[in-house]
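A quick write-up on the structure given underneath.
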Amino acid sequence: MADLRTNLAGIQSPNPFWLASAPPTNSGYQVQRAFEAGWGGAVWKTLGDPILNVSSRFAAVSFNGQRVAGFNNIELITDRPLDVNLKEIYETKKRFPNHAIIASLMVEPRQEKWHEIVKKVEAVGVDGLELNFGCPHGMAERGMGSASGQVPELVEKQTYWAKEAAKTPVIVKLTPNITDITATAEAAANGGADAISMINTINSLAGVDIDTWDTIPHVAGKGAHGGYCGPAVKPIALHMVGECARNPRINVPISGIGGISTWRDAVEFMLMGSTSVQVCTAAMHHGFRIVEDMIEGLDHYLEEKGIASVAGLIGKSVARYSDWGDLDLNYQVVAKINNDVCINCNKCHIACEDTSHQCIDLLKDGDGKSYLKVREEDCVGCNLCSIVCPVDGAIDMVEVDNGLPPMTWNERQAVSGAFRASRVLNK
């Protein structure tokens, strides 16, 4: 078996799979069940001054037959007394000393409040702290969560306050509800964060019941925006992880969160810079035992790749993630239809004819049988035909050697600028 152990800024765990701070980590009973199932770590549901939650509070978005493609909640931080949570954290850590327990924290933006809760939580033996600067609803209306997480100066200041009192590593959990997440990630790093985690949930309304006109979910006929998560947010999370991982001014390890449901998702996040991955919605949908498939799948993947340790994956794709202006404008691919596999559903032809570049012809052979063919000289390599095709292997996107040297937009602009400058000088 490959070595799946991870070390995130000094927080060690037997594997990279952690439960995120959420309903699955609300109690010692749940976290202990999770560790028994195989999870390497857990971020305890956010601690602070206990609040009152509403009923109802969850909603899901299903799409094309897939249940819970997206998940929405309006639940807040723990509604259990702090001393009860601390007692259960202590008991859980004592029973599972080799598993990572991270306490998620949220208090009002005052130095003494951060010092107080950090000291109380560390006294029961947690392995690290995660500062929740991401909750987009409820707590934000009280000046906490994303209300702090959207302001770089507040992120830096509160991180610094937590670090003043902390003896364990401090992770800062970032909100995606911001124009540029690297601004707050840099602020966290400047404040002394040992690591960052992302993404927290995205502002959302799950839906509206067109029969009753109530929002989904609703509380006595009224609704509010909530936090969106689940498989649907994975591309957004992956982008934000990559943006932070490739930014040299951030330079702290990352715990990736957002739509991770399988070992394949976890591999993508690790390749894009995550040291550990946090899971919530998938566990709520399928239960704690999904981690067994995640561990087994990751182990087999590493074995097939000849990689001895999960550390060999971290960040390997970051250098390949760049800005649009650095992409090769002369690189070319074209679609190739494999007629021996094609089932002649014509979806590629319709998609190309109606919404792309009209380069797939519907033809007939000598026997009058219909077939599809790509006019390669008109194909721009947009991938649409291969995306809509329902049959694996029916359409390939093939590289074309057009004899042109690599040329990026930035290089082209530099050449154009130099040419214009020379013309001015020659005049």
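Labeling convention for the structure tokens: chains A, B, ... as they appear, residues from 1 per chain, ligands from 1 in order of appearance.
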Expected answer as number ranges by chain: strand (DSSP E or B) residues in region 135-368 of chain A: A: 170-173, 195-198, 202-204, 207-208, 215-216, 219, 222, 226-229, 254-257, 274-279, 309, 328, 333-337, 360-364
Could those selected residues go to a file with N, CA and C atoms, as a CSV table (one decimal), in the first residue's frame?
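What landed in again_3.csv:
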```csv
chain,number,residue,atom,x,y,z
A,170,VAL,N,-2.5,27.2,12.6
A,170,VAL,CA,-3.7,28.0,12.3
A,170,VAL,C,-4.0,27.9,10.8
A,171,ILE,N,-5.2,27.4,10.5
A,171,ILE,CA,-5.7,27.4,9.1
A,171,ILE,C,-6.8,28.4,8.9
A,172,VAL,N,-6.7,29.2,7.9
A,172,VAL,CA,-7.8,30.2,7.6
A,172,VAL,C,-8.7,29.7,6.5
A,173,LYS,N,-9.9,29.6,6.8
A,173,LYS,CA,-10.9,29.1,5.8
A,173,LYS,C,-11.5,30.3,5.1
A,195,ALA,N,-1.7,27.8,7.2
A,195,ALA,CA,-2.3,27.1,6.0
A,195,ALA,C,-3.6,27.8,5.7
A,196,ILE,N,-4.2,27.6,4.5
A,196,ILE,CA,-5.5,28.1,4.2
A,196,ILE,C,-6.3,26.9,3.7
A,197,SER,N,-7.6,27.0,3.9
A,197,SER,CA,-8.6,26.0,3.3
A,197,SER,C,-9.6,26.8,2.5
A,198,MET,N,-10.1,26.1,1.5
A,198,MET,CA,-11.1,26.7,0.6
A,198,MET,C,-11.7,25.6,-0.3
A,202,ILE,N,-21.0,28.9,-1.2
A,202,ILE,CA,-21.3,30.0,-2.1
A,202,ILE,C,-22.7,30.5,-1.9
A,203,ASN,N,-22.9,31.8,-1.9
A,203,ASN,CA,-24.2,32.4,-1.8
A,203,ASN,C,-25.2,31.8,-2.8
A,204,SER,N,-26.3,31.4,-2.3
A,204,SER,CA,-27.3,30.8,-3.2
A,204,SER,C,-28.7,30.7,-2.7
A,207,GLY,N,-34.0,27.2,-4.8
A,207,GLY,CA,-35.1,27.2,-5.7
A,207,GLY,C,-36.3,27.9,-5.2
A,208,VAL,N,-37.3,27.9,-6.0
A,208,VAL,CA,-38.6,28.4,-5.6
A,208,VAL,C,-39.7,27.4,-6.0
A,215,THR,N,-39.9,29.9,-1.1
A,215,THR,CA,-38.5,29.6,-1.4
A,215,THR,C,-38.2,28.2,-0.9
A,216,ILE,N,-37.1,27.6,-1.4
A,216,ILE,CA,-36.7,26.3,-1.0
A,216,ILE,C,-35.2,26.4,-0.5
A,219,VAL,N,-38.8,29.0,5.9
A,219,VAL,CA,-39.1,28.9,7.4
A,219,VAL,C,-40.3,29.7,7.6
A,222,LYS,N,-41.0,32.1,4.8
A,222,LYS,CA,-40.0,33.0,4.4
A,222,LYS,C,-38.6,32.3,4.2
A,226,GLY,N,-28.5,31.0,1.3
A,226,GLY,CA,-27.8,30.0,2.0
A,226,GLY,C,-26.4,29.8,1.4
A,227,GLY,N,-25.8,28.7,1.8
A,227,GLY,CA,-24.5,28.3,1.3
A,227,GLY,C,-24.6,27.1,0.4
A,228,TYR,N,-24.0,27.2,-0.8
A,228,TYR,CA,-24.1,26.2,-1.8
A,228,TYR,C,-22.8,25.4,-1.9
A,229,CYS,N,-23.0,24.1,-1.9
A,229,CYS,CA,-21.8,23.2,-2.0
A,229,CYS,C,-22.2,21.9,-2.8
A,254,ILE,N,-2.4,24.2,1.4
A,254,ILE,CA,-3.8,24.3,1.2
A,254,ILE,C,-4.6,23.1,1.6
A,255,SER,N,-5.7,23.2,2.2
A,255,SER,CA,-6.6,22.1,2.4
A,255,SER,C,-7.8,22.4,1.5
A,256,GLY,N,-8.0,21.5,0.5
A,256,GLY,CA,-9.0,21.8,-0.6
A,256,GLY,C,-10.4,21.3,-0.2
A,257,ILE,N,-11.4,22.1,-0.5
A,257,ILE,CA,-12.8,21.8,-0.1
A,257,ILE,C,-13.7,22.3,-1.3
A,274,SER,N,-3.5,21.0,-3.3
A,274,SER,CA,-4.1,20.7,-1.9
A,274,SER,C,-3.3,19.6,-1.3
A,275,THR,N,-2.9,19.8,0.0
A,275,THR,CA,-2.2,18.7,0.8
A,275,THR,C,-3.2,17.8,1.4
A,276,SER,N,-4.3,18.3,1.9
A,276,SER,CA,-5.4,17.5,2.4
A,276,SER,C,-6.7,17.9,1.7
A,277,VAL,N,-7.7,17.1,1.7
A,277,VAL,CA,-9.0,17.4,1.1
A,277,VAL,C,-10.1,17.2,2.2
A,278,GLN,N,-11.1,18.1,2.2
A,278,GLN,CA,-12.2,18.1,3.1
A,278,GLN,C,-13.5,17.8,2.4
A,279,VAL,N,-14.3,16.9,3.0
A,279,VAL,CA,-15.5,16.4,2.4
A,279,VAL,C,-16.7,16.6,3.3
A,309,SER,N,4.3,7.8,-2.4
A,309,SER,CA,3.6,8.5,-1.3
A,309,SER,C,2.6,9.5,-1.9
A,328,ASP,N,-0.9,29.0,-26.0
A,328,ASP,CA,-0.3,29.0,-27.4
A,328,ASP,C,-1.4,29.1,-28.4
A,333,VAL,N,-6.1,21.5,-32.5
A,333,VAL,CA,-6.7,20.2,-32.5
A,333,VAL,C,-8.0,20.2,-33.4
A,334,VAL,N,-8.3,19.1,-33.9
A,334,VAL,CA,-9.5,19.0,-34.7
A,334,VAL,C,-10.3,17.7,-34.3
A,335,ALA,N,-11.5,17.7,-34.5
A,335,ALA,CA,-12.4,16.5,-34.2
A,335,ALA,C,-12.2,15.4,-35.3
A,336,LYS,N,-12.2,14.2,-34.8
A,336,LYS,CA,-12.2,13.0,-35.7
A,336,LYS,C,-13.3,12.1,-35.2
A,337,ILE,N,-14.2,11.8,-36.1
A,337,ILE,CA,-15.3,10.9,-35.8
A,337,ILE,C,-15.0,9.5,-36.2
A,360,ILE,N,-19.3,19.8,-39.5
A,360,ILE,CA,-19.6,18.4,-39.5
A,360,ILE,C,-20.7,18.1,-40.6
A,361,ASP,N,-20.3,17.4,-41.6
A,361,ASP,CA,-21.3,17.1,-42.7
A,361,ASP,C,-22.0,15.8,-42.5
A,362,LEU,N,-23.2,15.7,-42.8
A,362,LEU,CA,-24.0,14.5,-42.8
A,362,LEU,C,-24.0,14.0,-44.3
A,363,LEU,N,-23.3,12.9,-44.5
A,363,LEU,CA,-23.1,12.4,-45.9
A,363,LEU,C,-23.7,11.0,-46.0
A,364,LYS,N,-23.7,10.5,-47.2
A,364,LYS,CA,-24.2,9.1,-47.5
A,364,LYS,C,-23.1,8.4,-48.3
```
Per-residue nearest contacts region 111-204 of chain A to region 32-45 of chain A, cut-off 12 Å, using only C-alpha atoms, as JSON lines:
```
{"residue": "A:Val121", "atom": "CA", "partner": "A:Trp44", "partner_atom": "CA", "distance": 11.0}
{"residue": "A:Val126", "atom": "CA", "partner": "A:Trp44", "partner_atom": "CA", "distance": 9.8}
{"residue": "A:Asp127", "atom": "CA", "partner": "A:Gly41", "partner_atom": "CA", "distance": 9.8}
{"residue": "A:Gly128", "atom": "CA", "partner": "A:Val43", "partner_atom": "CA", "distance": 9.0}
{"residue": "A:Leu129", "atom": "CA", "partner": "A:Val43", "partner_atom": "CA", "distance": 8.5}
{"residue": "A:Glu130", "atom": "CA", "partner": "A:Val43", "partner_atom": "CA", "distance": 7.6}
{"residue": "A:Leu131", "atom": "CA", "partner": "A:Val43", "partner_atom": "CA", "distance": 10.7}
{"residue": "A:Asn132", "atom": "CA", "partner": "A:Lys45", "partner_atom": "CA", "distance": 10.1}
{"residue": "A:Cys135", "atom": "CA", "partner": "A:Lys45", "partner_atom": "CA", "distance": 11.9}
{"residue": "A:Ile171", "atom": "CA", "partner": "A:Val43", "partner_atom": "CA", "distance": 10.6}
{"residue": "A:Lys173", "atom": "CA", "partner": "A:Val43", "partner_atom": "CA", "distance": 11.1}
{"residue": "A:Ser197", "atom": "CA", "partner": "A:Val43", "partner_atom": "CA", "distance": 11.0}
```
Save out the residues we just selected, C-alpha atoms, as a compact mmCIF listing (two decimals), in the first residue's frame.
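Dumped to again.txt:
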```
# COMPACT_ATOMS: atom_id res chain seq x y z
CA VAL A 121 -9.92 24.89 22.56
CA VAL A 126 -6.74 19.72 19.24
CA ASP A 127 -4.15 19.36 16.49
CA GLY A 128 -4.94 22.66 14.86
CA LEU A 129 -7.41 25.51 14.44
CA GLU A 130 -9.46 26.58 11.42
CA LEU A 131 -10.71 30.16 11.45
CA ASN A 132 -14.12 30.30 9.78
CA CYS A 135 -20.06 31.34 6.38
CA ILE A 171 -5.69 27.36 9.08
CA LYS A 173 -10.91 29.10 5.79
CA SER A 197 -8.57 26.04 3.35
```
Given only C-alpha atoms as the counted atoms, nearest of A:Ala9, A:Leu47, A:Ala394, A:Ala193 to Pro81 (chain A): A:Leu47
Residue neighbourhood Thr46 (chain A), 8 Å, only C-alpha atoms, exclusion window fewer than 5 positions, as an MDAnalysis selection string: chainID A and resid 21:22 77:78 103:106 132
Exercise: Leu271 (chain A) partners within 9 Å, only C-alpha atoms, chain neighbours under 6 positions left out, as number ranges by chain: A: 313-318
Now that the selection is made, can you save its residues with N, CA and C atoms as a PDB file, in the first residue's frame?
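Generated file (part-v8.pdb):
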```
ATOM      1  N   LEU A 313       1.955  13.686  -5.274  1.00  0.00           N
ATOM      2  CA  LEU A 313       0.924  14.260  -6.139  1.00  0.00           C
ATOM      3  C   LEU A 313       0.785  15.769  -5.971  1.00  0.00           C
ATOM      4  N   ILE A 314       1.113  16.250  -4.797  1.00  0.00           N
ATOM      5  CA  ILE A 314       0.716  17.605  -4.415  1.00  0.00           C
ATOM      6  C   ILE A 314       1.353  18.665  -5.308  1.00  0.00           C
ATOM      7  N   GLY A 315       0.498  19.414  -5.981  1.00  0.00           N
ATOM      8  CA  GLY A 315       0.945  20.545  -6.785  1.00  0.00           C
ATOM      9  C   GLY A 315       1.527  20.213  -8.140  1.00  0.00           C
ATOM     10  N   LYS A 316       1.440  18.971  -8.585  1.00  0.00           N
ATOM     11  CA  LYS A 316       2.104  18.595  -9.837  1.00  0.00           C
ATOM     12  C   LYS A 316       1.472  19.234 -11.073  1.00  0.00           C
ATOM     13  N   SER A 317       0.253  19.714 -10.976  1.00  0.00           N
ATOM     14  CA  SER A 317      -0.383  20.361 -12.128  1.00  0.00           C
ATOM     15  C   SER A 317      -0.401  21.883 -12.031  1.00  0.00           C
ATOM     16  N   VAL A 318       0.122  22.420 -10.946  1.00  0.00           N
ATOM     17  CA  VAL A 318       0.037  23.866 -10.731  1.00  0.00           C
ATOM     18  C   VAL A 318       0.758  24.643 -11.834  1.00  0.00           C
TER      19      VAL A 318
END
```
Pairwise distance for CA of Asn339 (chain A) and CA of Asp401 (chain A), rounded to one decimal in Å: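 Separation of CA of Asn339 (chain A) and CA of Asp401 (chain A): 23.2 Å.
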Separation of CA of Val252 (chain A) from CA of Ile178 (chain A), in Å and rounded to one decimal: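 Separating CA of Val252 (chain A) from CA of Ile178 (chain A) is a distance of 20.0 Å.
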Alpha helix (DSSP H) residues, from DSSP on the backbone, in region 12-209 of chain A, as a PyMOL selection string: chain A and resi 28-37+82-95+111-122+146-149+152-165+181-190
Surrounding residues of region 299-307 of chain A excluding itself and chain neighbours under 2 positions, 10 Å, only C-alpha atoms, as a VMD selection string: chain A and resid 1 to 4 263 to 264 267 293 to 297 309 to 313
Export, as a compact mmCIF listing (two decimals), in the first residue's frame, the selected residues with C-alpha atoms.
```txt
# COMPACT_ATOMS: atom_id res chain seq x y z
CA MET A 1 0.00 0.00 0.00
CA ALA A 2 1.21 3.51 -0.82
CA ASP A 3 1.98 5.94 1.97
CA LEU A 4 -1.18 8.03 2.31
CA TRP A 263 -10.92 9.63 -4.95
CA ARG A 264 -10.63 11.06 -8.46
CA VAL A 267 -6.50 13.55 -6.86
CA ASP A 293 -13.61 3.65 -1.69
CA MET A 294 -11.65 6.90 -1.54
CA ILE A 295 -8.73 5.28 0.28
CA GLU A 296 -8.74 2.20 -1.94
CA GLY A 297 -9.03 4.21 -5.14
CA SER A 309 3.60 8.55 -1.34
CA VAL A 310 0.59 10.82 -1.66
CA ALA A 311 3.02 13.70 -1.20
CA GLY A 312 4.22 12.94 -4.74
CA LEU A 313 0.92 14.26 -6.14
```
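Coordinates place CA of Asp323 (chain A) at a distance of 18.7 Å from CA of Asn251 (chain A).
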Non-local contacts of Asn330 (chain A) (10 Å; only C-alpha atoms; under 5 positions in same chain excluded) as a ChimeraX atom specification: /A:401-408
Saved selection, atoms kept: N, CA and C atoms, as a short mmCIF file (atom, residue, chain, number, x, y, z; two decimals), in the first residue's frame:
```cif
data_model
loop_
_atom_site.label_atom_id
_atom_site.label_comp_id
_atom_site.auth_asym_id
_atom_site.auth_seq_id
_atom_site.Cartn_x
_atom_site.Cartn_y
_atom_site.Cartn_z
N ASP A 401 -0.36 19.03 -36.65
CA ASP A 401 0.91 19.73 -36.84
C ASP A 401 0.75 20.71 -38.00
N ASN A 402 0.53 21.98 -37.65
CA ASN A 402 0.30 22.99 -38.69
C ASN A 402 1.57 23.72 -39.09
N GLY A 403 2.70 23.30 -38.51
CA GLY A 403 3.97 23.89 -38.88
C GLY A 403 4.24 25.26 -38.29
N LEU A 404 3.34 25.76 -37.47
CA LEU A 404 3.51 27.09 -36.88
C LEU A 404 4.22 27.01 -35.54
N PRO A 405 5.12 27.95 -35.27
CA PRO A 405 5.81 27.95 -33.97
C PRO A 405 4.86 28.41 -32.86
N PRO A 406 5.11 28.04 -31.62
CA PRO A 406 4.27 28.52 -30.52
C PRO A 406 4.24 30.05 -30.48
N MET A 407 3.07 30.59 -30.18
CA MET A 407 2.92 32.04 -30.10
C MET A 407 1.78 32.36 -29.14
N THR A 408 2.10 33.01 -28.03
CA THR A 408 1.07 33.40 -27.07
C THR A 408 0.56 34.79 -27.39
#
```
